[in-house]
>>> print(open('start.cif').read())   # mmCIF, C-alpha atoms
data_target
loop_
_atom_site.label_atom_id
_atom_site.label_comp_id
_atom_site.auth_asym_id
_atom_site.auth_seq_id
_atom_site.Cartn_x
_atom_site.Cartn_y
_atom_site.Cartn_z
CA MET A 14 28.22 -20.58 12.87
CA LYS A 15 30.19 -18.62 10.27
CA LYS A 16 26.95 -17.15 8.88
CA SER A 17 25.91 -16.00 12.36
CA ILE A 18 29.26 -14.33 12.98
CA THR A 19 29.14 -12.62 9.58
CA PHE A 20 25.61 -11.36 10.27
CA LEU A 21 26.56 -10.02 13.71
CA PHE A 22 29.61 -8.31 12.25
CA LEU A 23 27.59 -6.58 9.51
CA PHE A 24 24.90 -5.58 12.01
CA ALA A 25 27.51 -4.11 14.38
CA CYS A 26 29.05 -2.12 11.52
CA THR A 27 25.78 -0.69 10.20
CA PHE A 28 23.85 -0.17 13.46
CA PRO A 29 25.64 3.09 14.41
CA TYR A 30 24.78 4.49 10.98
CA PHE A 31 21.06 3.77 11.46
CA LEU A 32 21.17 5.46 14.85
CA GLY A 33 22.60 8.55 13.20
CA ALA A 34 20.16 8.51 10.28
CA GLN A 35 17.60 11.28 10.32
CA VAL A 36 14.47 9.16 10.71
CA ALA A 37 11.36 11.30 10.22
CA PRO A 38 7.69 10.44 10.81
CA GLY A 39 4.97 11.60 8.47
CA ILE A 40 1.32 11.43 7.49
CA LYS A 41 -0.26 10.71 4.12
CA MET A 42 -3.69 10.72 2.55
CA GLY A 43 -5.27 10.66 -0.87
CA TYR A 44 -7.69 9.28 -3.43
CA ASN A 45 -8.20 5.62 -4.40
CA GLU A 46 -9.75 4.36 -7.61
CA SER A 47 -10.11 0.63 -7.10
CA THR A 48 -11.19 -2.22 -9.34
CA ILE A 49 -11.63 -5.99 -8.94
CA SER A 50 -10.66 -7.89 -12.07
CA LYS A 51 -12.94 -10.34 -13.91
CA THR A 52 -16.10 -9.17 -12.16
CA ARG A 53 -19.10 -7.12 -13.26
CA LEU A 54 -18.14 -4.36 -10.83
CA GLU A 55 -17.17 -0.92 -12.09
CA PRO A 56 -14.30 1.17 -10.58
CA LYS A 57 -14.99 2.59 -7.11
CA SER A 58 -13.75 5.83 -5.54
CA GLY A 59 -12.38 5.82 -2.01
CA LEU A 60 -9.63 7.25 0.15
CA TYR A 61 -6.52 6.24 2.03
CA ILE A 62 -5.04 7.81 5.15
CA GLY A 63 -2.24 6.85 7.51
CA GLY A 64 1.35 7.38 8.59
CA PHE A 65 4.91 6.45 7.69
CA LEU A 66 8.54 6.59 8.79
CA ASP A 67 11.13 8.01 6.41
CA ILE A 68 14.47 6.22 6.93
CA PRO A 69 17.25 7.55 4.67
CA ILE A 70 19.92 5.00 3.79
CA THR A 71 21.87 7.03 1.23
CA LYS A 72 21.32 10.37 -0.51
CA LEU A 73 19.54 8.54 -3.32
CA TYR A 74 17.70 5.78 -1.44
CA THR A 75 15.19 5.76 1.41
CA ILE A 76 13.17 2.99 3.07
CA GLN A 77 9.66 4.02 4.04
CA PRO A 78 7.49 1.69 6.20
CA GLU A 79 3.82 2.71 5.96
CA VAL A 80 0.58 1.83 7.75
CA PHE A 81 -2.71 3.22 6.52
CA TYR A 82 -6.43 2.63 6.04
CA SER A 83 -7.52 2.02 2.45
CA SER A 84 -11.13 2.06 1.21
CA GLN A 85 -11.50 -0.24 -1.83
CA GLY A 86 -14.02 -2.40 -3.69
CA GLY A 87 -16.22 -1.95 -6.74
CA THR A 88 -19.34 -0.12 -7.88
CA SER A 89 -22.41 -2.13 -8.87
CA VAL A 90 -24.43 -0.68 -11.73
CA SER A 91 -26.91 -3.47 -12.51
CA LEU A 92 -26.49 -6.04 -9.74
CA ASP A 93 -28.71 -6.64 -6.71
CA TYR A 94 -25.79 -6.52 -4.25
CA GLY A 95 -25.09 -2.81 -4.43
CA ASP A 96 -21.54 -1.47 -4.20
CA VAL A 97 -18.89 -3.74 -2.73
CA GLN A 98 -16.98 -1.96 0.05
CA ILE A 99 -13.77 -3.51 1.43
CA ASP A 100 -11.84 -1.67 4.14
CA TYR A 101 -8.19 -2.70 4.40
CA LEU A 102 -5.39 -2.06 6.86
CA SER A 103 -2.41 -1.64 4.54
CA ILE A 104 1.08 -2.41 5.85
CA MET A 105 3.60 -1.35 3.20
CA GLY A 106 7.33 -1.27 2.71
CA ALA A 107 8.24 1.36 0.11
CA ASN A 108 11.68 1.71 -1.47
CA LYS A 109 12.19 5.28 -2.68
CA PHE A 110 14.83 5.94 -5.33
CA TYR A 111 15.66 9.62 -5.87
CA VAL A 112 16.83 10.91 -9.25
CA GLY A 113 19.32 13.34 -7.67
CA PRO A 114 21.01 13.95 -4.28
CA ASN A 115 18.82 16.99 -3.63
CA LYS A 116 15.77 14.69 -3.31
CA GLY A 117 12.81 15.98 -5.31
CA PHE A 118 11.67 13.62 -8.06
CA HIS A 119 11.67 9.93 -7.12
CA PHE A 120 10.36 6.47 -7.96
CA ASN A 121 8.91 4.09 -5.38
CA LEU A 122 8.57 0.31 -5.46
CA GLY A 123 7.52 -2.10 -2.76
CA LEU A 124 5.53 -4.93 -1.26
CA GLY A 125 2.72 -4.92 1.25
CA LEU A 126 0.04 -6.79 3.13
CA ASP A 127 -3.60 -5.68 3.04
CA VAL A 128 -5.68 -7.02 5.95
CA ASN A 129 -9.45 -7.08 5.38
CA LEU A 130 -10.87 -5.14 8.33
CA LYS A 131 -14.48 -5.02 7.17
CA ASN A 132 -16.63 -5.56 4.10
CA ASN A 133 -20.31 -5.18 3.29
CA LEU A 134 -20.96 -8.17 1.03
CA VAL A 135 -23.35 -10.66 2.66
CA ASN A 136 -22.34 -14.30 2.31
CA LEU A 137 -25.32 -15.89 0.61
CA SER A 138 -24.60 -19.30 2.07
CA ASN A 139 -24.73 -18.36 5.77
CA GLY A 140 -26.09 -14.82 5.97
CA ASN A 141 -23.10 -13.34 7.81
CA GLY A 142 -21.84 -9.91 6.89
CA ASP A 143 -18.14 -10.62 7.48
CA GLY A 144 -15.66 -13.26 6.46
CA GLU A 145 -16.91 -14.09 2.96
CA ILE A 146 -14.19 -12.10 1.19
CA SER A 147 -10.53 -13.17 1.37
CA PRO A 148 -9.12 -12.01 4.74
CA PHE A 149 -5.89 -10.59 3.31
CA ASP A 150 -4.11 -9.61 0.12
CA VAL A 151 -0.41 -9.55 -0.73
CA VAL A 152 0.29 -6.53 -2.94
CA VAL A 153 3.07 -5.10 -5.09
CA PHE A 154 3.18 -1.43 -6.01
CA GLY A 155 5.10 1.16 -7.92
CA GLY A 156 4.81 4.87 -8.54
CA ILE A 157 6.36 8.29 -8.85
CA GLY A 158 6.47 11.36 -6.65
CA TYR A 159 8.00 14.73 -5.99
CA GLU A 160 9.26 15.80 -2.56
CA PHE A 161 9.50 19.49 -1.75
CA LYS A 162 12.19 20.75 0.64
CA PHE A 163 9.63 21.88 3.24
CA GLY A 164 8.33 18.31 3.71
CA LEU A 165 5.36 17.99 1.33
CA THR A 166 5.34 15.13 -1.18
CA LEU A 167 2.93 14.66 -4.08
CA GLU A 168 2.74 11.10 -5.35
CA ALA A 169 0.89 8.63 -7.55
CA ARG A 170 1.19 4.86 -7.39
CA TYR A 171 -0.52 1.74 -8.62
CA LYS A 172 -1.12 -1.12 -6.19
CA GLN A 173 -1.75 -4.62 -7.57
CA GLY A 174 -3.16 -7.45 -5.47
CA THR A 175 -1.97 -11.03 -5.92
CA VAL A 176 -4.55 -12.94 -3.80
CA SER A 177 -8.00 -13.53 -5.30
CA VAL A 178 -10.92 -11.69 -3.69
CA ASP A 179 -13.37 -14.59 -3.39
CA PHE A 180 -17.08 -13.75 -3.27
CA PHE A 181 -18.24 -17.07 -1.87
CA GLY A 182 -21.77 -17.82 -3.10
CA ALA A 183 -22.17 -14.61 -5.11
CA ASP A 184 -21.77 -16.26 -8.51
CA ASP A 185 -23.43 -13.52 -10.55
CA LEU A 186 -20.70 -11.03 -9.57
CA TYR A 187 -18.22 -12.91 -11.76
CA GLU A 188 -17.71 -11.82 -15.34
CA GLU A 189 -15.30 -14.59 -16.32
CA ALA A 190 -13.35 -17.43 -14.74
CA GLY A 191 -10.05 -16.74 -13.01
CA SER A 192 -8.63 -14.82 -10.09
CA ASN A 193 -10.45 -11.67 -8.98
CA LEU A 194 -7.60 -9.33 -8.11
CA ASN A 195 -7.59 -5.89 -6.51
CA GLY A 196 -6.11 -3.06 -8.53
CA VAL A 197 -5.84 0.42 -7.01
CA LEU A 198 -4.67 3.71 -8.48
CA GLN A 199 -3.65 6.03 -5.62
CA VAL A 200 -3.05 9.76 -5.96
CA GLY A 201 -2.31 11.83 -2.89
CA ALA A 202 -0.02 13.86 -0.68
CA ALA A 203 2.28 13.16 2.25
CA TYR A 204 3.94 15.42 4.79
CA LYS A 205 7.23 14.53 6.49
CA PHE A 206 7.86 16.22 9.86
CA LYS A 207 11.33 17.61 10.48
CA THR A 208 13.08 16.00 13.45
CA LYS A 209 15.89 18.55 13.83
#
>>> encode(input="start.cif", output="structure tokens")
Amino acid sequence: MKKSITFLFLFACTFPYFLGAQVAPGIKMGYNESTISKTRLEPKSGLYIGGFLDIPITKLYTIQPEVFYSSQGGTSVSLDYGDVQIDYLSIMGANKFYVGPNKGFHFNLGLGLDVNLKNNLVNLSNGNGDGEISPFDVVVFGGIGYEFKFGLTLEARYKQGTVSVDFFGADDLYEEAGSNLNGVLQVGAAYKFKTK
């Protein structure tokens, strides 16, 4: 009971501040270079595109929920399967830490969920084109960026998966035993729309 009262009290104190915060929507897009560890696949180029909400908490800290499409996978050089293409819906929660109160240079850290929307690897055991690769991935990421006063941000981040991408039945894709994890270098731009 005491915990509930404390929570309601804190919520009541902070809610007016969030209403007054200058929440701004935005769009982002850029380049992916993705890899899948411990496989014979080479890095693959792709893109990401989506939107976000910029929610300032203090002058030095902003929360940024993001939703975007991310094209990932690996390039096959000598295998019969061809390139592995995995299309994810990425739901991210970025924490942006600014170096100074005038915004500009910042670091970002966060967690996210990648949902496997579609992939092109055929499951050798049943012949279906979908469902053979893990349906989701839990990711952690970190990066740097620079935000200009007119709304444009340039950023680079590295996204690391923590759930193994399992190629059920495709044993010759594996290079060594262990988890096959997504790793994605992302370089791109974002634009934050002014709300006032």
>>> residues_around(input="start.cif", residues="Asn193 in chain A", least_positions_apart="3", cutoff="6 Å", atoms="only C-alpha atoms", output="PyMOL selection string")
chain A and resi 49-51+177-178
>>> write_last_selection(input="start.cif", atoms="C-alpha atoms", output="mmCIF file, in the frame of the given file")
data_model
loop_
_atom_site.group_PDB
_atom_site.id
_atom_site.type_symbol
_atom_site.label_atom_id
_atom_site.label_comp_id
_atom_site.auth_asym_id
_atom_site.auth_seq_id
_atom_site.Cartn_x
_atom_site.Cartn_y
_atom_site.Cartn_z
ATOM 1 C CA ILE A 49 -11.630 -5.990 -8.940
ATOM 2 C CA SER A 50 -10.660 -7.890 -12.070
ATOM 3 C CA LYS A 51 -12.940 -10.340 -13.910
ATOM 4 C CA SER A 177 -8.000 -13.530 -5.300
ATOM 5 C CA VAL A 178 -10.920 -11.690 -3.690
#
>>> residues_around(input="start.cif", residues="range 35-37 of chain A", least_positions_apart="2", cutoff="8 Å", atoms="all atoms listed in the file", output="list in words")
Gly33, Gly39, Leu66, Asp67, Ile68, Pro69, Lys205, Phe206, Lys207 and Thr208 of chain A
>>> closest_residue(input="start.cif", among="A:Thr71, A:Gly95, A:Glu55, A:Leu165", to="Asn133 in chain A", atoms="only C-alpha atoms")
A:Gly95
>>> resolve_selection(input="start.cif", expression="the PyMOL selection byres ((chain A and resi 124) around 8)", output="PDB file with C-alpha atoms, in the frame of the given file")
ATOM      1  CA  MET A 105       3.600  -1.350   3.200  1.00  0.00           C
ATOM      2  CA  GLY A 106       7.330  -1.270   2.710  1.00  0.00           C
ATOM      3  CA  ALA A 107       8.240   1.360   0.110  1.00  0.00           C
ATOM      4  CA  LEU A 122       8.570   0.310  -5.460  1.00  0.00           C
ATOM      5  CA  GLY A 123       7.520  -2.100  -2.760  1.00  0.00           C
ATOM      6  CA  GLY A 125       2.720  -4.920   1.250  1.00  0.00           C
ATOM      7  CA  LEU A 126       0.040  -6.790   3.130  1.00  0.00           C
ATOM      8  CA  VAL A 151      -0.410  -9.550  -0.730  1.00  0.00           C
ATOM      9  CA  VAL A 152       0.290  -6.530  -2.940  1.00  0.00           C
ATOM     10  CA  VAL A 153       3.070  -5.100  -5.090  1.00  0.00           C
ATOM     11  CA  PHE A 154       3.180  -1.430  -6.010  1.00  0.00           C
TER      12      PHE A 154
END
>>> resolve_selection(input="start.cif", expression="the PyMOL selection byres ((chain A and resi 74) around 10)", output="mmCIF file with C-alpha atoms, in the frame of the given file")
data_model
loop_
_atom_site.group_PDB
_atom_site.id
_atom_site.type_symbol
_atom_site.label_atom_id
_atom_site.label_comp_id
_atom_site.auth_asym_id
_atom_site.auth_seq_id
_atom_site.Cartn_x
_atom_site.Cartn_y
_atom_site.Cartn_z
ATOM 1 C CA ILE A 68 14.470 6.220 6.930
ATOM 2 C CA PRO A 69 17.250 7.550 4.670
ATOM 3 C CA ILE A 70 19.920 5.000 3.790
ATOM 4 C CA THR A 71 21.870 7.030 1.230
ATOM 5 C CA LYS A 72 21.320 10.370 -0.510
ATOM 6 C CA LEU A 73 19.540 8.540 -3.320
ATOM 7 C CA THR A 75 15.190 5.760 1.410
ATOM 8 C CA ILE A 76 13.170 2.990 3.070
ATOM 9 C CA GLN A 77 9.660 4.020 4.040
ATOM 10 C CA ASN A 108 11.680 1.710 -1.470
ATOM 11 C CA LYS A 109 12.190 5.280 -2.680
ATOM 12 C CA PHE A 110 14.830 5.940 -5.330
ATOM 13 C CA TYR A 111 15.660 9.620 -5.870
ATOM 14 C CA VAL A 112 16.830 10.910 -9.250
ATOM 15 C CA GLY A 113 19.320 13.340 -7.670
ATOM 16 C CA PRO A 114 21.010 13.950 -4.280
ATOM 17 C CA LYS A 116 15.770 14.690 -3.310
ATOM 18 C CA HIS A 119 11.670 9.930 -7.120
ATOM 19 C CA PHE A 120 10.360 6.470 -7.960
ATOM 20 C CA ASN A 121 8.910 4.090 -5.380
#
>>> closest_residue(input="start.cif", among="A:Ala203, A:Ile104, A:Val90, A:Leu198", to="Val128 in chain A", atoms="all atoms listed in the file")
A:Ile104
>>> atom_distance(input="start.cif", atom1="CA of Phe149 in chain A", atom2="CA of Leu194 in chain A")
11.6 Å
>>> residues_around(input="start.cif", residues="Thr88 in chain A", least_positions_apart="2", cutoff="7 Å", atoms="only C-alpha atoms", output="ChimeraX atom specification")
/A:54-57,90,96-97
>>> atom_distance(input="start.cif", atom1="CA of Leu102 in chain A", atom2="CA of Gln199 in chain A")
15.0 Å
>>> closest_residue(input="start.cif", among="A:Tyr159, A:Ile40, A:Ala169, A:Asp100", to="Ile146 in chain A", atoms="only C-alpha atoms")
A:Asp100
>>> residues_around(input="start.cif", residues="Gln98 in chain A", least_positions_apart="6", cutoff="8 Å", atoms="all atoms listed in the file", output="PyMOL selection string")
chain A and resi 84-87+132-134
>>> closest_residue(input="start.cif", among="A:Ser47, A:Ser103, A:Thr175, A:Ser89", to="Gly64 in chain A", atoms="all atoms listed in the file")
A:Ser103
>>> closest_residue(input="start.cif", among="A:Gly43, A:Gly63, A:Gly158, A:Gly174", to="Gly196 in chain A", atoms="only C-alpha atoms")
A:Gly174
>>> closest_residue(input="start.cif", among="A:Gly59, A:Gly117, A:Pro78, A:Pro38", to="Phe161 in chain A", atoms="all atoms listed in the file")
A:Gly117
>>> atom_distance(input="start.cif", atom1="CA of Ser147 in chain A", atom2="CA of Arg170 in chain A")
23.2 Å
>>> resolve_selection(input="start.cif", expression="the PyMOL selection byres ((chain A and resi 202) around 7)", output="ChimeraX atom specification")
/A:41-43,166-168,201,203-204
